[in-house]
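Asks: Take this structure first; my questions come after.
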Amino acid sequence: MQRSNERFVERLPLVLDRPIYAYLLTFLFCTAGLMLRFAAEPLLPQGYPFVTFFPAVILSSFLFGVRPGIFGATIGGFASWYFFINPIHSFTLNPAVATAMLFYTGVVTVDIILIHFMQRANFNLAVERERSRALAENRELLFRELQHRVSNNLQVVAAMLSLQRRHVDHDVARRALDDASARLALIGRISRALYDPSGRGQDMNAFLHTLTADILDASGRSDVKVEVSAPEALVLASDVTVPLALVVAESVSNAIEHGLPDRPGTICVTLESADGELTLRIMDNGKGVPPNFDANEGPSLGLRIANALAMQLGGRFALQPAATGGTIARLDLPLAATC
């Protein structure tokens with residue numbers, strides 16, 4: 001309702017198909033003012049000849065612009081002079097009548113000018129609002145195109161690494177190229193999924209479900225189940241979500257590749273917010289890690305990346321054996337860093 005009122009005001013003064021309609025409506029407003037002045041004659045003291053014509057002039061100027069306003073002011077002035085200023089039923093001009101008419105002319109002139117300038121300012125505001133809307137749409141379009149191109153470029157680089165792998169005979173080098181290609185492709189998919197030009201952030205529950213499903217599909221494993229638990233209303237900014245998503249991707253991929261390489265199993269991804277910290281846990285029921293395993297000292301590039309991302313956010317990453325068997329990858333972040 002408010003928006004429709006704003007749109008109506010932005011269209012003022014109204015431009016009718018035929019200008020004669022504006023003058024006809026203005027004449028009707030003045031006629032109504034004249035009838036009202038006759039009806040109020042017994043109630044008004046002497047000396048208020050113009051009182052019911054001011055609303056007609058203001059309304060005409062507001063709806064139809066300066067010229068119909070001047071037309072209405074002229075009709076109201078002459079009608080007041082003829083019917084309500086002594087001697088009535090004549091256009092006798094004397095100093096008292098001249099003073100009253102000058103007073104009326106000054107008041108309606110000020111009214112019309114103020115309404116005109118307010119409508120000009122309102123028109124300029126509407127033009128600027130439309131220009132801002134167009135700029136916002138262009139910015140969103142450009143941002144969407146930039147994000148799309150960045151994601152595509154990452155996918156192209158990942159494909160080039162996969163092609164380069166065909167010319168490498170060394171097994172370690174081939175695995176390194178495979179890992180680099182997979183990580184670049186994953187970053188491209190995450191970037192595409194996190195696109196939000198409004199900057200409102202990402203609903204982590206829905207995002208983690210989508211991310212883990214993509215990782216599981218990419219692994220080609222149908223015997224591994226991934227369960228996700230996250231608060232429904234938890235929204236994180238993109239600069240936090242991207243590193244956190246990479247940690248989830250590395251941990252889930254490691255659980256599939258190393259924890260459950262040759263057996264079915266379940267991976268539980270849990271995100272919780274409590275005691276001023278955001279805690280991410282990825283737990284599997286695979287073969288686990290040694291009790292004295294240190295993720296910081298391990299040879300895995302993925303674990304080193306996870307540690308670096310955790311340090312970037314001011315948090316801690318740890319990989320430890322689960323009490324019921326399997327492995328727990330845990331990331332603790334201060335809530336202040338996620339806002």
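The way I read the labels, and the way they are meant: chains A, B, ... in the order of the structure tokens, residue 1 as the first residue of every chain, and ligand 1 as the first ligand shown, with later ones counted on from there.
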Quick one: residues within 9 Å of Asp284 of chain A, only C-alpha atoms, excluding same-chain residues fewer than 2 positions away - as a PyMOL selection string?

Replies: chain A and resi 252+255-256+259-260+265-269+282+286-288+322+325-329

Asks: Please, could you write that set of residues out with N, CA, C and O atoms as an mmCIF file, in the first residue's frame?

Replies:
```
data_model
loop_
_atom_site.group_PDB
_atom_site.id
_atom_site.type_symbol
_atom_site.label_atom_id
_atom_site.label_comp_id
_atom_site.auth_asym_id
_atom_site.auth_seq_id
_atom_site.Cartn_x
_atom_site.Cartn_y
_atom_site.Cartn_z
ATOM 1 N N VAL A 252 35.899 -34.220 4.589
ATOM 2 C CA VAL A 252 35.022 -35.267 4.070
ATOM 3 C C VAL A 252 35.765 -36.108 3.022
ATOM 4 O O VAL A 252 35.650 -37.346 3.005
ATOM 5 N N ALA A 255 38.075 -38.396 4.816
ATOM 6 C CA ALA A 255 37.350 -39.486 5.469
ATOM 7 C C ALA A 255 36.975 -40.566 4.462
ATOM 8 O O ALA A 255 37.057 -41.769 4.749
ATOM 9 N N ILE A 256 36.562 -40.149 3.250
ATOM 10 C CA ILE A 256 36.200 -41.125 2.220
ATOM 11 C C ILE A 256 37.441 -41.863 1.714
ATOM 12 O O ILE A 256 37.439 -43.095 1.568
ATOM 13 N N GLY A 259 39.804 -42.859 5.586
ATOM 14 C CA GLY A 259 39.096 -43.526 6.672
ATOM 15 C C GLY A 259 38.224 -44.676 6.200
ATOM 16 O O GLY A 259 38.082 -45.693 6.891
ATOM 17 N N LEU A 260 37.628 -44.526 5.012
ATOM 18 C CA LEU A 260 36.719 -45.544 4.478
ATOM 19 C C LEU A 260 37.128 -45.909 3.056
ATOM 20 O O LEU A 260 36.333 -45.816 2.110
ATOM 21 N N GLY A 265 30.427 -46.909 5.197
ATOM 22 C CA GLY A 265 30.469 -46.193 6.461
ATOM 23 C C GLY A 265 29.620 -44.936 6.427
ATOM 24 O O GLY A 265 28.926 -44.642 5.447
ATOM 25 N N THR A 266 29.713 -44.195 7.514
ATOM 26 C CA THR A 266 28.918 -42.973 7.684
ATOM 27 C C THR A 266 29.843 -41.834 8.100
ATOM 28 O O THR A 266 30.728 -42.017 8.943
ATOM 29 N N ILE A 267 29.614 -40.675 7.528
ATOM 30 C CA ILE A 267 30.341 -39.455 7.891
ATOM 31 C C ILE A 267 29.317 -38.467 8.432
ATOM 32 O O ILE A 267 28.330 -38.161 7.765
ATOM 33 N N CYS A 268 29.547 -37.972 9.648
ATOM 34 C CA CYS A 268 28.639 -37.017 10.294
ATOM 35 C C CYS A 268 29.292 -35.639 10.307
ATOM 36 O O CYS A 268 30.384 -35.468 10.871
ATOM 37 N N VAL A 269 28.637 -34.674 9.704
ATOM 38 C CA VAL A 269 29.111 -33.280 9.683
ATOM 39 C C VAL A 269 28.208 -32.483 10.619
ATOM 40 O O VAL A 269 27.005 -32.365 10.380
ATOM 41 N N ILE A 282 33.664 -33.162 11.817
ATOM 42 C CA ILE A 282 33.433 -34.149 10.765
ATOM 43 C C ILE A 282 33.933 -35.487 11.306
ATOM 44 O O ILE A 282 35.148 -35.680 11.485
ATOM 45 N N GLY A 286 35.418 -44.901 10.236
ATOM 46 C CA GLY A 286 36.409 -45.673 9.503
ATOM 47 C C GLY A 286 37.486 -46.241 10.396
ATOM 48 O O GLY A 286 37.299 -46.434 11.607
ATOM 49 N N LYS A 287 38.654 -46.447 9.821
ATOM 50 C CA LYS A 287 39.724 -47.127 10.552
ATOM 51 C C LYS A 287 40.465 -46.220 11.516
ATOM 52 O O LYS A 287 41.242 -46.695 12.346
ATOM 53 N N GLY A 288 40.239 -44.895 11.438
ATOM 54 C CA GLY A 288 40.797 -43.986 12.427
ATOM 55 C C GLY A 288 42.253 -43.641 12.188
ATOM 56 O O GLY A 288 42.893 -44.083 11.218
ATOM 57 N N ALA A 322 38.291 -40.938 17.246
ATOM 58 C CA ALA A 322 37.004 -40.895 17.941
ATOM 59 C C ALA A 322 36.969 -41.983 19.004
ATOM 60 O O ALA A 322 37.600 -43.048 18.867
ATOM 61 N N GLY A 325 35.721 -45.243 17.696
ATOM 62 C CA GLY A 325 36.365 -45.674 16.472
ATOM 63 C C GLY A 325 36.171 -44.670 15.366
ATOM 64 O O GLY A 325 35.175 -43.951 15.320
ATOM 65 N N GLY A 326 37.116 -44.635 14.450
ATOM 66 C CA GLY A 326 37.038 -43.646 13.388
ATOM 67 C C GLY A 326 37.825 -42.403 13.733
ATOM 68 O O GLY A 326 38.677 -42.389 14.634
ATOM 69 N N THR A 327 37.531 -41.325 13.037
ATOM 70 C CA THR A 327 38.303 -40.091 13.152
ATOM 71 C C THR A 327 37.367 -38.900 13.284
ATOM 72 O O THR A 327 36.285 -38.883 12.693
ATOM 73 N N ILE A 328 37.820 -37.912 14.047
ATOM 74 C CA ILE A 328 37.091 -36.642 14.183
ATOM 75 C C ILE A 328 38.001 -35.514 13.702
ATOM 76 O O ILE A 328 39.107 -35.336 14.229
ATOM 77 N N ALA A 329 37.557 -34.776 12.690
ATOM 78 C CA ALA A 329 38.212 -33.536 12.285
ATOM 79 C C ALA A 329 37.420 -32.396 12.907
ATOM 80 O O ALA A 329 36.208 -32.290 12.702
#
```

Asks: Could you give me, as a ChimeraX atom specification, each residue of segment 18-171 of chain A that DSSP assigns to alpha helix (DSSP H) when run on this structure's backbone?

Replies: /A:19-39,53-64,66-84,95-165,171

Asks: Neighbouring residues of Phe64 of chain A were defined as those with any atom within 7 Å, considering only C-alpha atoms; residues of the same chain fewer than 4 positions away were excluded. Please report them as number ranges by chain.

Replies: A: 13-15, 22, 60, 68

Asks: What is the atom CA of Thr26 of chain A-atom CA of Asn94 of chain A distance in Å, reported with one decimal?

Replies: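 For atom CA of Thr26 of chain A relative to atom CA of Asn94 of chain A, the distance reads 29.0 Å.
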
Asks: Would you mind listing what lies within 10 Å of Thr31 of chain A as a list in words, with only C-alpha atoms counted and same-chain residues fewer than 4 positions away left out?

Replies: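 Residues meeting the cut-off are Leu25, Thr26, Phe27, Met35, Leu36, Arg37, Phe53, Ala56, Gly72, Ile75, Gly76 and Ala79 of chain A.
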
Asks: If you run DSSP over the backbone, which residues in segment 202-314 of chain A end up strand (DSSP E)? Put them as number ranges by chain.

Replies: A: 202-203, 224-229, 235-236, 265-274, 277-284

Asks: Can you tell me which residues surround Ser253 of chain A at a distance of at most 9 Å, considering only C-alpha atoms, apart from same-chain residues fewer than 5 positions away, and format the answer as a PyMOL selection string?

Replies: chain A and resi 215-216+219+248+258

Asks: Would you mind listing what lies within 9 Å of segment 103-112 of chain A as an MDAnalysis selection string, with only C-alpha atoms counted and same-chain residues fewer than 2 positions away left out?

Replies: chainID A and resid 50 54 57:58 61:62 65:66 69:70 73:74 77 98:101 114:117

Asks: Distance atom CA of Glu137 of chain A-atom CA of Asp203 of chain A, one decimal place?

Replies: 23.5 Å

Asks: For atom CA of Ile88 of chain A and atom CA of Cys30 of chain A, determine how far apart the two atoms are, in Å to one decimal place.

Replies: 18.6 Å

Asks: Closest to Asp275 of chain A among A:Ala237, A:Ile305, A:Leu335, A:Ala121, using only C-alpha atoms?

Replies: A:Leu335
